Amino acid sequence: MSLPLLPGVIADPVNRTLRKVPAWPLYILGAIPPVVLFWAGVTGRLGVDPVKDMEHQMGEWGLWLLIAGLCVTPMRRYAGISLLKYRRAFGLLAFFYILGHLLIWLVLDVQILSQIWADIVKRPYITVGMGAFVLMIPLAVTSNNASIRRLGKTWRRLHKLVYAIALLGSLHFVLLVKGFQIEPYIYMAVILALLALRLPRTGKRRSLRAA
């Protein structure tokens with residue numbers, strides 16, 4: 001196990017405070033930005049292409065929430081701060097934000113059913129994004145205590161799909177933008193770094209065994 005980088009005098013008070021803060025307010029807070037965004041769109045405050053602006057913003061917020069969920073384990077391992085009880089909220093909010101992103105594209109942007117399927121097949125960034133969303137569905141459906149009890153160890157293996165989902169989400173962003181833009185590569189680098197922090201420190205383990 002990795003030793004926390006933050007001393008107990010910092011991590012312990014933070015954890016005591018977090019234990020008093022329930023996860024359910026996150027769902028209420030998470031519902032506010034889409035409502036504000038939609039209102040800004042219908043009242044003409046999002047510029048010349050409000051549909052694209054809403055579509056992009058919902059997708060980017062969803063990616064933020066996926067990254068927040070990936071931060072939970074490294075925060076506990078390296079900083080000693082436990083955010084475990086918030087991870088389900090991060091994941092479910094990410095799913096509903098990405099669902100909103102998808103619905104804006106389907107209903108407000110493309111609108112034509114035959115064109116939707118053609119775009120999924122022909123445009124790599126849409127193919128990748130749709131693949132990530134499909135992988136999210138079983139995670140959202142099983143993000144409850146009943147599924148954890150019923151699936152047992154399979155539940156943990158299933159929810160490791162979030163690693164692939166986050167990578168596909170960042171790849172979707174990279175393929176989406178025109179020309180070279182640094183922002184999507186920053187997201188991909190952050191996700192890769194967070195996944196790397198989850199890798200077992202085999203070199204350290206070997207040295208301890210040798211000793």
# chains A, B, ... in the order shown; residues from 1 in each chain; ligands from 1
call {"tool": "residues_around", "arguments": {"residues": "region 140-148 of chain A", "least_positions_apart": "4", "cutoff": "10 Å", "atoms": "only C-alpha atoms", "output": "VMD selection string"}}
result
chain A and resid 88 to 89 91 to 96 135 to 136 152 to 156 158 to 159
call {"tool": "residues_around", "arguments": {"residues": "Leu66 (chain A)", "least_positions_apart": "4", "cutoff": "8 Å", "atoms": "only C-alpha atoms", "output": "ChimeraX atom specification"}}
result
/A:62,70,90-91,94,162,166
call {"tool": "closest_residue", "arguments": {"among": "A:Gly179, A:Gly41, A:Gly131, A:Pro200", "to": "Leu161 (chain A)", "atoms": "only C-alpha atoms"}}
result
A:Gly131
call {"tool": "atom_distance", "arguments": {"atom1": "CA of Ile186 (chain A)", "atom2": "CA of Leu168 (chain A)"}}
result
14.1 Å
call {"tool": "residues_around", "arguments": {"residues": "Asp12 (chain A)", "least_positions_apart": "6", "cutoff": "10 Å", "atoms": "only C-alpha atoms", "output": "number ranges by chain"}}
result
A: 6, 18, 80-82
call {"tool": "residues_around", "arguments": {"residues": "Asp53 (chain A)", "least_positions_apart": "5", "cutoff": "12 Å", "atoms": "only C-alpha atoms", "output": "ChimeraX atom specification"}}
result
/A:34,37-38,40-42,44-48,58-60,101,104-105,108-109
call {"tool": "select_by_dssp", "arguments": {"residues": "chain A", "states": "helix (DSSP H, G or I)", "output": "PyMOL selection string"}}
result
chain A and resi 8-19+24-42+50-79+84-110+113-122+124-141+145-151+153-159+161-176+182-196+202-210
call {"tool": "closest_residue", "arguments": {"among": "A:Leu197, A:Val128, A:Leu29, A:Leu151", "to": "Leu167 (chain A)", "atoms": "only C-alpha atoms"}}
result
A:Val128
call {"tool": "residues_around", "arguments": {"residues": "Ile126 (chain A)", "least_positions_apart": "4", "cutoff": "12 Å", "atoms": "only C-alpha atoms", "output": "number ranges by chain"}}
result
A: 101-102, 105-106, 116-122, 130-133, 168-169, 171-177
call {"tool": "closest_residue", "arguments": {"among": "A:Arg77, A:Tyr97, A:Leu63, A:His56", "to": "Ala31 (chain A)", "atoms": "only C-alpha atoms"}}
result
A:Tyr97
call {"tool": "atom_distance", "arguments": {"atom1": "CA of Thr73 (chain A)", "atom2": "CA of Asn15 (chain A)"}}
result
14.2 Å
call {"tool": "atom_distance", "arguments": {"atom1": "CA of Val14 (chain A)", "atom2": "CA of Leu194 (chain A)"}}
result
21.5 Å
call {"tool": "closest_residue", "arguments": {"among": "A:Leu192, A:Ile98, A:Leu199, A:Ala11", "to": "Arg76 (chain A)", "atoms": "only C-alpha atoms"}}
result
A:Ala11
